[in-house]
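*Asks:* This is the content of final-v5.tsv (TSV, C-alpha atoms):
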chain	number	residue	atom	x	y	z
A	1	MET	CA	12.85	-35.67	5.86
A	2	ALA	CA	11.58	-32.87	8.03
A	3	GLY	CA	11.86	-29.44	6.42
A	4	PRO	CA	11.62	-26.08	8.17
A	5	ARG	CA	8.61	-25.26	10.28
A	6	TYR	CA	6.53	-22.32	9.15
A	7	THR	CA	5.06	-19.86	11.62
A	8	ALA	CA	2.55	-17.03	11.38
A	9	ASP	CA	1.22	-14.50	13.85
A	10	PRO	CA	-2.00	-15.46	15.65
A	11	PRO	CA	-5.27	-14.36	14.02
A	12	GLY	CA	-5.74	-11.62	16.64
A	13	ALA	CA	-2.63	-9.93	15.25
A	14	MET	CA	-4.01	-9.98	11.73
A	15	PRO	CA	-7.63	-8.82	11.49
A	16	THR	CA	-9.19	-9.63	8.12
A	17	VAL	CA	-12.14	-8.50	6.02
A	18	GLU	CA	-13.68	-10.59	3.24
A	19	LEU	CA	-13.93	-8.70	-0.06
A	20	ASN	CA	-15.79	-10.49	-2.83
A	21	GLY	CA	-13.68	-13.62	-2.74
A	22	LEU	CA	-10.51	-11.82	-1.70
A	23	THR	CA	-9.33	-11.22	1.83
A	24	ALA	CA	-7.97	-7.92	3.07
A	25	LEU	CA	-5.61	-8.48	5.97
A	26	PHE	CA	-4.10	-5.88	8.26
A	27	HIS	CA	-0.86	-7.04	9.86
A	28	VAL	CA	-0.83	-5.06	13.08
A	29	ARG	CA	2.85	-5.55	13.92
A	30	SER	CA	4.10	-4.13	10.62
A	31	GLY	CA	1.21	-1.78	9.96
A	32	MET	CA	0.95	-3.23	6.44
A	33	THR	CA	-2.23	-4.18	4.61
A	34	HIS	CA	-2.29	-7.15	2.25
A	35	ILE	CA	-4.88	-8.42	-0.21
A	36	LEU	CA	-4.90	-12.20	-0.29
A	37	ALA	CA	-6.37	-14.68	-2.75
A	38	ALA	CA	-6.85	-18.39	-2.10
A	39	PRO	CA	-5.01	-20.37	-0.90
A	40	ALA	CA	-3.12	-17.74	1.12
A	41	PRO	CA	-5.86	-17.12	3.74
A	42	GLN	CA	-6.38	-20.85	4.17
A	43	ILE	CA	-2.66	-21.39	4.72
A	44	LEU	CA	-2.56	-18.61	7.31
A	45	ALA	CA	-5.57	-20.14	9.05
A	46	LEU	CA	-3.71	-23.44	9.30
A	47	LEU	CA	-0.56	-21.79	10.61
A	48	ALA	CA	-2.63	-20.03	13.25
A	49	GLU	CA	-2.97	-23.46	14.84
A	50	GLY	CA	0.79	-23.54	15.43
A	51	PRO	CA	4.12	-23.78	13.62
A	52	THR	CA	4.27	-26.69	11.23
A	53	THR	CA	6.13	-28.14	8.28
A	54	ARG	CA	5.26	-27.83	4.62
A	55	GLU	CA	4.26	-31.48	4.53
A	56	THR	CA	1.87	-31.09	7.45
A	57	ILE	CA	0.35	-27.95	5.93
A	58	LEU	CA	-0.34	-29.89	2.76
A	59	ALA	CA	-1.78	-32.83	4.68
A	60	ARG	CA	-4.13	-30.53	6.57
A	61	LEU	CA	-5.15	-28.66	3.43
A	62	THR	CA	-5.98	-31.88	1.60
A	63	ASP	CA	-7.87	-33.01	4.67
A	64	ARG	CA	-10.09	-29.95	4.55
A	65	PHE	CA	-10.22	-29.12	0.84
A	66	ALA	CA	-10.14	-30.79	-2.52
A	67	VAL	CA	-6.68	-29.42	-3.34
A	68	GLU	CA	-6.02	-28.81	-7.01
A	69	SER	CA	-2.69	-27.92	-8.55
A	70	GLU	CA	-1.19	-27.36	-11.95
A	71	GLY	CA	2.05	-29.12	-11.08
A	72	ASP	CA	3.98	-30.57	-8.19
A	73	VAL	CA	1.78	-29.92	-5.17
A	74	LEU	CA	4.60	-29.44	-2.68
A	75	GLU	CA	6.46	-27.09	-5.01
A	76	LEU	CA	3.36	-24.98	-5.50
A	77	LEU	CA	2.71	-24.89	-1.78
A	78	GLU	CA	6.33	-23.80	-1.36
A	79	ALA	CA	5.71	-21.00	-3.87
A	80	ARG	CA	2.65	-19.84	-1.90
A	81	LEU	CA	4.59	-20.00	1.37
A	82	SER	CA	7.42	-17.99	-0.20
A	83	GLU	CA	4.95	-15.30	-1.18
A	84	LEU	CA	3.68	-15.13	2.38
A	85	GLU	CA	7.28	-15.04	3.64
A	86	ASN	CA	8.13	-12.18	1.30
A	87	ALA	CA	5.12	-10.28	2.60
A	88	GLY	CA	6.35	-10.80	6.15
A	89	LEU	CA	3.26	-12.80	7.12
A	90	VAL	CA	5.03	-16.15	7.51
A	91	TRP	CA	8.53	-17.05	8.62
A	92	ARG	CA	10.54	-20.20	9.15
A	93	SER	CA	11.41	-21.34	12.63
B	1	MET	CA	-5.54	-14.63	-9.20
B	2	SER	CA	-8.26	-15.18	-11.73
B	3	GLU	CA	-7.31	-18.82	-11.87
B	4	GLN	CA	-8.26	-19.29	-8.27
B	5	ASP	CA	-11.50	-21.08	-7.60
B	6	GLU	CA	-13.52	-18.71	-5.52
B	7	SER	CA	-15.09	-21.55	-3.68
B	8	GLY	CA	-11.67	-22.11	-2.20
B	9	GLN	CA	-12.24	-19.00	-0.14
B	10	HIS	CA	-14.72	-20.73	2.08
B	11	GLU	CA	-13.51	-22.84	4.91
B	12	SER	CA	-15.46	-26.01	5.16
B	13	GLY	CA	-17.30	-26.06	8.43
B	14	ALA	CA	-16.78	-28.80	10.95
B	15	GLY	CA	-18.06	-32.04	9.53
B	16	ALA	CA	-18.94	-30.38	6.22
B	17	SER	CA	-20.39	-32.88	3.83
B	18	ARG	CA	-18.98	-31.05	0.84
B	19	ARG	CA	-15.30	-30.43	0.21
B	20	TYR	CA	-14.45	-27.13	-1.36
B	21	VAL	CA	-11.94	-26.92	-4.15
B	22	LEU	CA	-8.75	-25.11	-3.19
B	23	ALA	CA	-6.50	-24.35	-6.13
B	24	LEU	CA	-2.82	-23.88	-5.33
B	25	GLY	CA	-2.39	-21.85	-8.51
B	26	ALA	CA	0.52	-21.77	-10.87
B	27	ALA	CA	4.12	-21.40	-9.74
B	28	ALA	CA	4.27	-17.85	-11.09
B	29	ALA	CA	0.84	-16.86	-9.80
B	30	SER	CA	0.52	-14.16	-7.21
B	31	THR	CA	-1.86	-14.56	-4.29
B	32	VAL	CA	-0.50	-11.86	-2.00
B	33	VAL	CA	-0.54	-8.17	-2.87
B	34	THR	CA	0.89	-5.80	-0.31
B	35	ILE	CA	-0.45	-2.30	-0.03
B	36	ARG	CA	2.23	0.12	1.02
B	37	PRO	CA	1.23	2.24	4.00
B	38	ALA	CA	-0.33	5.47	2.81
B	39	LEU	CA	1.44	7.45	5.50
B	40	ALA	CA	4.84	6.24	4.35
B	41	GLN	CA	4.03	7.32	0.82
B	42	THR	CA	2.90	10.69	2.10
B	43	ALA	CA	6.14	11.16	4.01
B	44	GLY	CA	8.08	10.32	0.87
B	45	SER	CA	6.10	12.68	-1.30
B	46	ILE	CA	6.57	15.58	1.12
B	47	VAL	CA	10.29	15.22	0.89
B	48	ASN	CA	10.35	14.87	-2.89
B	49	CYS	CA	7.39	16.72	-4.34
B	50	GLU	CA	7.57	20.15	-5.91
B	51	ILE	CA	5.02	22.82	-6.76
B	52	PRO	CA	5.61	25.12	-9.72
B	53	VAL	CA	4.38	28.67	-9.07
B	54	PRO	CA	2.56	29.30	-11.26
B	55	ALA	CA	1.68	26.14	-13.18
B	56	PRO	CA	3.75	25.59	-16.35
B	57	GLN	CA	0.86	26.60	-18.61
B	58	ALA	CA	0.86	30.02	-16.92
B	59	ALA	CA	4.64	30.36	-16.97
B	60	GLY	CA	5.78	33.97	-16.82
B	61	SER	CA	2.58	35.22	-15.17
B	62	TYR	CA	2.85	37.16	-11.93
B	63	ILE	CA	1.28	36.17	-8.63
B	64	ALA	CA	-0.88	38.76	-6.85
B	65	PRO	CA	-0.69	38.97	-3.03
B	66	ASP	CA	-4.01	37.10	-2.78
B	67	GLY	CA	-2.53	34.23	-4.80
B	68	SER	CA	-4.31	34.89	-8.06
B	69	VAL	CA	-2.40	34.59	-11.34
B	70	VAL	CA	-2.15	37.95	-13.11
B	71	ALA	CA	-0.50	39.35	-16.20
B	72	PRO	CA	3.26	39.83	-16.14
B	73	GLY	CA	4.25	43.22	-14.78
B	74	THR	CA	0.97	43.81	-12.91
B	75	PRO	CA	1.69	46.43	-10.21
B	76	GLY	CA	1.74	44.98	-6.71
B	77	ALA	CA	2.09	41.43	-7.99
B	78	PHE	CA	5.19	39.31	-7.72
B	79	PRO	CA	7.26	37.63	-10.41
B	80	PRO	CA	6.88	33.86	-10.63
B	81	ALA	CA	9.05	31.63	-8.49
B	82	SER	CA	12.35	31.10	-10.28
B	83	ARG	CA	12.14	27.33	-9.66
B	84	PRO	CA	9.50	24.87	-8.46
B	85	LEU	CA	9.11	25.09	-4.70
B	86	LYS	CA	10.03	22.03	-2.72
B	87	GLY	CA	7.60	20.37	-0.32
B	88	GLU	CA	9.59	21.34	2.74
B	89	GLU	CA	9.72	24.98	1.60
B	90	VAL	CA	5.99	25.02	0.97
B	91	LYS	CA	5.37	23.70	4.46
B	92	VAL	CA	7.27	26.64	5.90
B	93	MET	CA	5.41	29.09	3.65
B	94	LEU	CA	1.99	27.72	4.52
B	95	ARG	CA	2.78	28.35	8.17
B	96	GLY	CA	3.53	31.98	7.37
B	97	GLY	CA	7.30	31.58	7.27
B	98	THR	CA	9.78	32.47	4.57
B	99	PRO	CA	12.15	29.80	3.31
B	100	PRO	CA	15.75	30.86	2.66
B	101	GLY	CA	16.30	32.48	-0.72
B	102	ILE	CA	12.71	33.65	-1.19
B	103	ASP	CA	11.51	37.18	-0.65
B	104	ALA	CA	9.12	37.43	2.33
B	105	GLU	CA	6.27	39.18	0.49
B	106	SER	CA	6.56	36.94	-2.55
B	107	SER	CA	6.56	33.99	-0.22
B	108	GLN	CA	3.10	34.81	1.12
B	109	ALA	CA	1.73	35.47	-2.35
B	110	TYR	CA	3.06	32.07	-3.42
B	111	ALA	CA	1.54	30.47	-0.31
B	112	ASN	CA	-1.82	31.98	-1.21
B	113	TYR	CA	-1.46	30.69	-4.76
B	114	ILE	CA	-0.77	27.20	-3.42
B	115	ARG	CA	-3.79	27.37	-1.09
B	116	ARG	CA	-5.93	28.01	-4.16
B	117	LEU	CA	-4.70	24.92	-5.99
B	118	GLN	CA	-7.42	22.47	-6.90
B	119	ALA	CA	-7.47	18.87	-8.02
B	120	GLY	CA	-6.01	18.49	-11.48
B	121	MET	CA	-3.78	21.54	-11.21
B	122	SER	CA	-0.03	21.21	-11.27
B	123	GLY	CA	1.24	20.72	-7.73
B	124	PHE	CA	-2.12	19.90	-6.16
B	125	THR	CA	-1.16	16.38	-5.15
B	126	CYS	CA	1.93	17.74	-3.44
B	127	TYR	CA	-0.12	20.39	-1.64
B	128	ALA	CA	-2.72	17.82	-0.59
B	129	SER	CA	-0.04	15.55	0.84
B	130	LEU	CA	1.38	18.49	2.80
B	131	GLN	CA	-2.03	19.04	4.38
B	132	MET	CA	-2.35	15.49	5.64
B	133	PRO	CA	-1.71	14.90	9.32
B	134	ARG	CA	1.35	12.85	10.08
So that I can check it, write out the structure of this file as structure tokens.
*Replies:*
Amino acid sequence: MAGPRYTADPPGAMPTVELNGLTALFHVRSGMTHILAAPAPQILALLAEGPTTRETILARLTDRFAVESEGDVLELLEARLSELENAGLVWRS
Amino acid sequence: MSEQDESGQHESGAGASRRYVLALGAAAASTVVTIRPALAQTAGSIVNCEIPVPAPQAAGSYIAPDGSVVAPGTPGAFPPASRPLKGEEVKVMLRGGTPPGIDAESSQAYANYIRRLQAGMSGFTCYASLQMPR
């Protein structure tokens, strides 16, 4: 079944700087700065390609990376997406 | 975050022959830390911060017109502020004004005392935040 589609602002609205394995991101619209660890930047990069479902995000991640998880992959992806939602970087559409 | 494989930070290039490991982390892990805007914090601290005049360790000392802390009863000096001064009051004083309830001459002595505050002294952080442009 198709879940909600997740959306993020385009990369131009969120300039980033790499910091020793972490990513500092400035969200222009909110004026907030966030420090991201993997896989958050990778998820945002995927969402920059357009709104998509959790399942598609996972499919694209596994296409590009050797995805590892310590439990149910979709649940963990959901947890990561929730974090990004709470930070105001991702929303459901 | 320490559980994250750093190699996961690197996007594989187009047609990359090697796939990088991307760990999704544990359910309770945190991969997003939000830094609150410094200006918002400054605005909050201006409203709430207080400066004791003089610092608690010099309680009872008088304040000379130039802002120095002198012995109680020193002629020409002013008794300490009866309560810590609030950020908004200090802003007025630093501009040469006198907040309600404070004697005009004392007010300028207190302002000079506050201008002399240095890092580590009681009230310095409040003073520094008052100096920041908004």
*Asks:* CA of Tyr113 (chain B) to CA of Ser68 (chain B): how many Å, to one decimal?
*Replies:*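 So the answer is 6.1 Å.
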*Asks:* Mind checking which residues fall within 8 Å of region 57-61 of chain A, counting only C-alpha atoms, ignoring those fewer than 3 positions away in the same chain, and posting them as a PyMOL selection string?
*Replies:* chain A and resi 42-43+46-47+52-54+64-65+67+74+77
*Asks:* Residues at most 8 Å from Pro52 (chain B), counting all atoms listed in the file, excluding those fewer than 3 positions away in the same chain, as a list in words?
*Replies:*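 Once the adjacent positions are removed, what remains is Ala55, Pro56, Ala81, Arg83, Pro84, Leu85, Ser122 and Gly123 of chain B.
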*Asks:* Padding 5 Å on each side, edges along x, y and z: where is the centre of the box around the listed atoms of region 79-93 of chain B, and how long are its edges in Å to one decimal? Output it as JSON.
*Replies:*
{"center_x": 8.9, "center_y": 29.0, "center_z": -2.4, "size_x": 17.0, "size_y": 27.3, "size_z": 26.5}
*Asks:* Mind listing whatever residues come within 10 Å of the point (-9.9, -11.4, 3.5)? Use all atoms listed in the file, file coordinates, and give them as a PyMOL selection string.
*Replies:* (chain A and resi 15-26+34-38+40-41) or (chain B and resi 9)
*Asks:* Filtering to C-alpha atoms, could you give me those residues as a compact mmCIF listing (two decimals), in the frame of the given file?
*Replies:*
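Everything below was put into selection-v1.txt:
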# COMPACT_ATOMS: atom_id res chain seq x y z
CA PRO A 15 -7.63 -8.82 11.49
CA THR A 16 -9.19 -9.63 8.12
CA VAL A 17 -12.14 -8.50 6.02
CA GLU A 18 -13.68 -10.59 3.24
CA LEU A 19 -13.93 -8.70 -0.06
CA ASN A 20 -15.79 -10.49 -2.83
CA GLY A 21 -13.68 -13.62 -2.74
CA LEU A 22 -10.51 -11.82 -1.70
CA THR A 23 -9.33 -11.22 1.83
CA ALA A 24 -7.97 -7.92 3.07
CA LEU A 25 -5.61 -8.48 5.97
CA PHE A 26 -4.10 -5.88 8.26
CA HIS A 34 -2.29 -7.15 2.25
CA ILE A 35 -4.88 -8.42 -0.21
CA LEU A 36 -4.90 -12.20 -0.29
CA ALA A 37 -6.37 -14.68 -2.75
CA ALA A 38 -6.85 -18.39 -2.10
CA ALA A 40 -3.12 -17.74 1.12
CA PRO A 41 -5.86 -17.12 3.74
CA GLN B 9 -12.24 -19.00 -0.14
*Asks:* Within 9 Å of region 97-108 of chain B, counting only C-alpha atoms, which residues show up once you throw out same-chain ones fewer than 4 positions away? Write them as an NGL selection string, please.
*Replies:* :B and (63-67 or 77-81 or 88-93 or 112-113)
*Asks:* What gap, in Å, lies between CA of Ala27 (chain B) and CA of His27 (chain A)?
*Replies:* 24.8 Å
*Asks:* What's around Arg92 (chain A) at 7 Å? Count all atoms listed in the file, leave out sequence neighbours fewer than 3 positions away in its own chain, and write the answer as an MDAnalysis selection string.
*Replies:* chainID A and resid 4:7
*Asks:* Quick check, in Å to one decimal: how far apart do CA of Ile114 (chain B) and CA of Lys86 (chain B) lie?
*Replies:*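 Interatomic distance, CA of Ile114 (chain B) to CA of Lys86 (chain B): 12.0 Å.
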*Asks:* Using all atoms listed in the file, which of A:Glu68, A:Glu55, A:Glu85, A:Asp63 sits nearest Ala8 (chain A)?
*Replies:* A:Glu85
*Asks:* May I ask which of the residues A:Met14, A:Thr56, A:Pro39, A:Asp72 is the closest one to chain B, counting all atoms listed in the file?
*Replies:*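 The shortest atom-to-atom distance to chain B comes from A:Pro39.
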*Asks:* Rank A:Asp9, A:Ala45, A:Glu70, A:Gly31 by their smallest atom-to-atom distance to Ala29 (chain B), using only C-alpha atoms, and report the top residue only.
*Replies:*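 Answer, going by the shortest atom-to-atom distance: A:Glu70.
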*Asks:* Nearest residue to Asn48 (chain B) out of B:Val32, B:Ala26, B:Arg115, B:Gly87, using all atoms listed in the file?
*Replies:* B:Gly87
*Asks:* May I have the residues within 7 Å of Ser69 (chain A) as a list in words, using only C-alpha atoms and disregarding those fewer than 4 positions away in the same chain?
*Replies:*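 In the requested form, the answer reads Val73 of chain A; Ala23, Leu24 and Gly25 of chain B.
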*Asks:* Missing atoms in region 57-83 of chain A: fill them in up to N, CA, C and O atoms and send the result as a JSON list (two decimals), keeping the file's coordinate frame.
*Replies:*
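To be explicit, this is the file written out as out34.json:
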[["chain", "number", "residue", "atom", "x", "y", "z"],
["A", 57, "ILE", "N", 1.30, -28.94, 6.48],
["A", 57, "ILE", "CA", 0.35, -27.95, 5.93],
["A", 57, "ILE", "C", -0.42, -28.59, 4.79],
["A", 57, "ILE", "O", -1.65, -28.50, 4.71],
["A", 58, "LEU", "N", 0.32, -29.26, 3.91],
["A", 58, "LEU", "CA", -0.34, -29.89, 2.76],
["A", 58, "LEU", "C", -1.31, -30.97, 3.21],
["A", 58, "LEU", "O", -2.44, -31.05, 2.71],
["A", 59, "ALA", "N", -0.90, -31.76, 4.20],
["A", 59, "ALA", "CA", -1.78, -32.83, 4.68],
["A", 59, "ALA", "C", -3.07, -32.24, 5.24],
["A", 59, "ALA", "O", -4.16, -32.73, 4.98],
["A", 60, "ARG", "N", -2.94, -31.14, 5.98],
["A", 60, "ARG", "CA", -4.13, -30.53, 6.57],
["A", 60, "ARG", "C", -5.00, -29.87, 5.52],
["A", 60, "ARG", "O", -6.23, -29.89, 5.61],
["A", 61, "LEU", "N", -4.36, -29.28, 4.51],
["A", 61, "LEU", "CA", -5.15, -28.66, 3.43],
["A", 61, "LEU", "C", -5.94, -29.73, 2.69],
["A", 61, "LEU", "O", -7.13, -29.54, 2.40],
["A", 62, "THR", "N", -5.28, -30.84, 2.36],
["A", 62, "THR", "CA", -5.98, -31.88, 1.60],
["A", 62, "THR", "C", -7.04, -32.56, 2.46],
["A", 62, "THR", "O", -8.01, -33.12, 1.95],
["A", 63, "ASP", "N", -6.86, -32.47, 3.77],
["A", 63, "ASP", "CA", -7.87, -33.01, 4.67],
["A", 63, "ASP", "C", -9.14, -32.16, 4.65],
["A", 63, "ASP", "O", -10.24, -32.67, 4.78],
["A", 64, "ARG", "N", -8.95, -30.87, 4.46],
["A", 64, "ARG", "CA", -10.09, -29.95, 4.55],
["A", 64, "ARG", "C", -10.64, -29.53, 3.19],
["A", 64, "ARG", "O", -11.79, -29.11, 3.10],
["A", 65, "PHE", "N", -9.80, -29.58, 2.16],
["A", 65, "PHE", "CA", -10.22, -29.12, 0.84],
["A", 65, "PHE", "C", -9.87, -30.16, -0.21],
["A", 65, "PHE", "O", -9.01, -31.01, 0.01],
["A", 66, "ALA", "N", -10.54, -30.03, -1.35],
["A", 66, "ALA", "CA", -10.14, -30.79, -2.52],
["A", 66, "ALA", "C", -9.05, -29.96, -3.20],
["A", 66, "ALA", "O", -9.32, -29.05, -3.97],
["A", 67, "VAL", "N", -7.80, -30.24, -2.86],
["A", 67, "VAL", "CA", -6.68, -29.42, -3.34],
["A", 67, "VAL", "C", -6.40, -29.71, -4.80],
["A", 67, "VAL", "O", -6.25, -30.87, -5.20],
["A", 68, "GLU", "N", -6.34, -28.68, -5.59],
["A", 68, "GLU", "CA", -6.02, -28.81, -7.01],
["A", 68, "GLU", "C", -4.73, -28.08, -7.29],
["A", 68, "GLU", "O", -4.47, -27.03, -6.71],
["A", 69, "SER", "N", -3.92, -28.63, -8.19],
["A", 69, "SER", "CA", -2.69, -27.92, -8.55],
["A", 69, "SER", "C", -2.36, -28.17, -10.00],
["A", 69, "SER", "O", -2.80, -29.15, -10.59],
["A", 70, "GLU", "N", -1.58, -27.26, -10.54],
["A", 70, "GLU", "CA", -1.19, -27.36, -11.95],
["A", 70, "GLU", "C", 0.22, -27.92, -12.06],
["A", 70, "GLU", "O", 0.89, -27.72, -13.05],
["A", 71, "GLY", "N", 0.69, -28.57, -11.05],
["A", 71, "GLY", "CA", 2.05, -29.12, -11.08],
["A", 71, "GLY", "C", 2.32, -29.84, -9.78],
["A", 71, "GLY", "O", 1.40, -30.30, -9.11],
["A", 72, "ASP", "N", 3.58, -29.90, -9.42],
["A", 72, "ASP", "CA", 3.98, -30.57, -8.19],
["A", 72, "ASP", "C", 3.36, -29.84, -6.99],
["A", 72, "ASP", "O", 3.60, -28.65, -6.77],
["A", 73, "VAL", "N", 2.55, -30.56, -6.24],
["A", 73, "VAL", "CA", 1.78, -29.92, -5.17],
["A", 73, "VAL", "C", 2.69, -29.27, -4.12],
["A", 73, "VAL", "O", 2.46, -28.13, -3.71],
["A", 74, "LEU", "N", 3.72, -29.99, -3.72],
["A", 74, "LEU", "CA", 4.60, -29.44, -2.68],
["A", 74, "LEU", "C", 5.36, -28.21, -3.18],
["A", 74, "LEU", "O", 5.55, -27.25, -2.45],
["A", 75, "GLU", "N", 5.75, -28.25, -4.46],
["A", 75, "GLU", "CA", 6.46, -27.09, -5.01],
["A", 75, "GLU", "C", 5.56, -25.87, -5.05],
["A", 75, "GLU", "O", 5.98, -24.75, -4.77],
["A", 76, "LEU", "N", 4.29, -26.11, -5.43],
["A", 76, "LEU", "CA", 3.36, -24.98, -5.50],
["A", 76, "LEU", "C", 3.04, -24.44, -4.11],
["A", 76, "LEU", "O", 2.93, -23.23, -3.91],
["A", 77, "LEU", "N", 2.94, -25.34, -3.15],
["A", 77, "LEU", "CA", 2.71, -24.89, -1.78],
["A", 77, "LEU", "C", 3.90, -24.07, -1.31],
["A", 77, "LEU", "O", 3.75, -23.03, -0.67],
["A", 78, "GLU", "N", 5.09, -24.54, -1.69],
["A", 78, "GLU", "CA", 6.33, -23.80, -1.36],
["A", 78, "GLU", "C", 6.28, -22.40, -1.96],
["A", 78, "GLU", "O", 6.66, -21.41, -1.33],
["A", 79, "ALA", "N", 5.80, -22.31, -3.21],
["A", 79, "ALA", "CA", 5.71, -21.00, -3.87],
["A", 79, "ALA", "C", 4.76, -20.08, -3.10],
["A", 79, "ALA", "O", 5.03, -18.89, -2.92],
["A", 80, "ARG", "N", 3.63, -20.65, -2.66],
["A", 80, "ARG", "CA", 2.65, -19.84, -1.90],
["A", 80, "ARG", "C", 3.24, -19.41, -0.56],
["A", 80, "ARG", "O", 3.05, -18.30, -0.10],
["A", 81, "LEU", "N", 3.97, -20.33, 0.09],
["A", 81, "LEU", "CA", 4.59, -20.00, 1.37],
["A", 81, "LEU", "C", 5.66, -18.92, 1.19],
["A", 81, "LEU", "O", 5.81, -18.03, 2.03],
["A", 82, "SER", "N", 6.39, -19.00, 0.08],
["A", 82, "SER", "CA", 7.42, -17.99, -0.20],
["A", 82, "SER", "C", 6.80, -16.61, -0.35],
["A", 82, "SER", "O", 7.34, -15.61, 0.13],
["A", 83, "GLU", "N", 5.64, -16.58, -1.03],
["A", 83, "GLU", "CA", 4.95, -15.30, -1.18],
["A", 83, "GLU", "C", 4.59, -14.72, 0.18],
["A", 83, "GLU", "O", 4.76, -13.52, 0.43]]
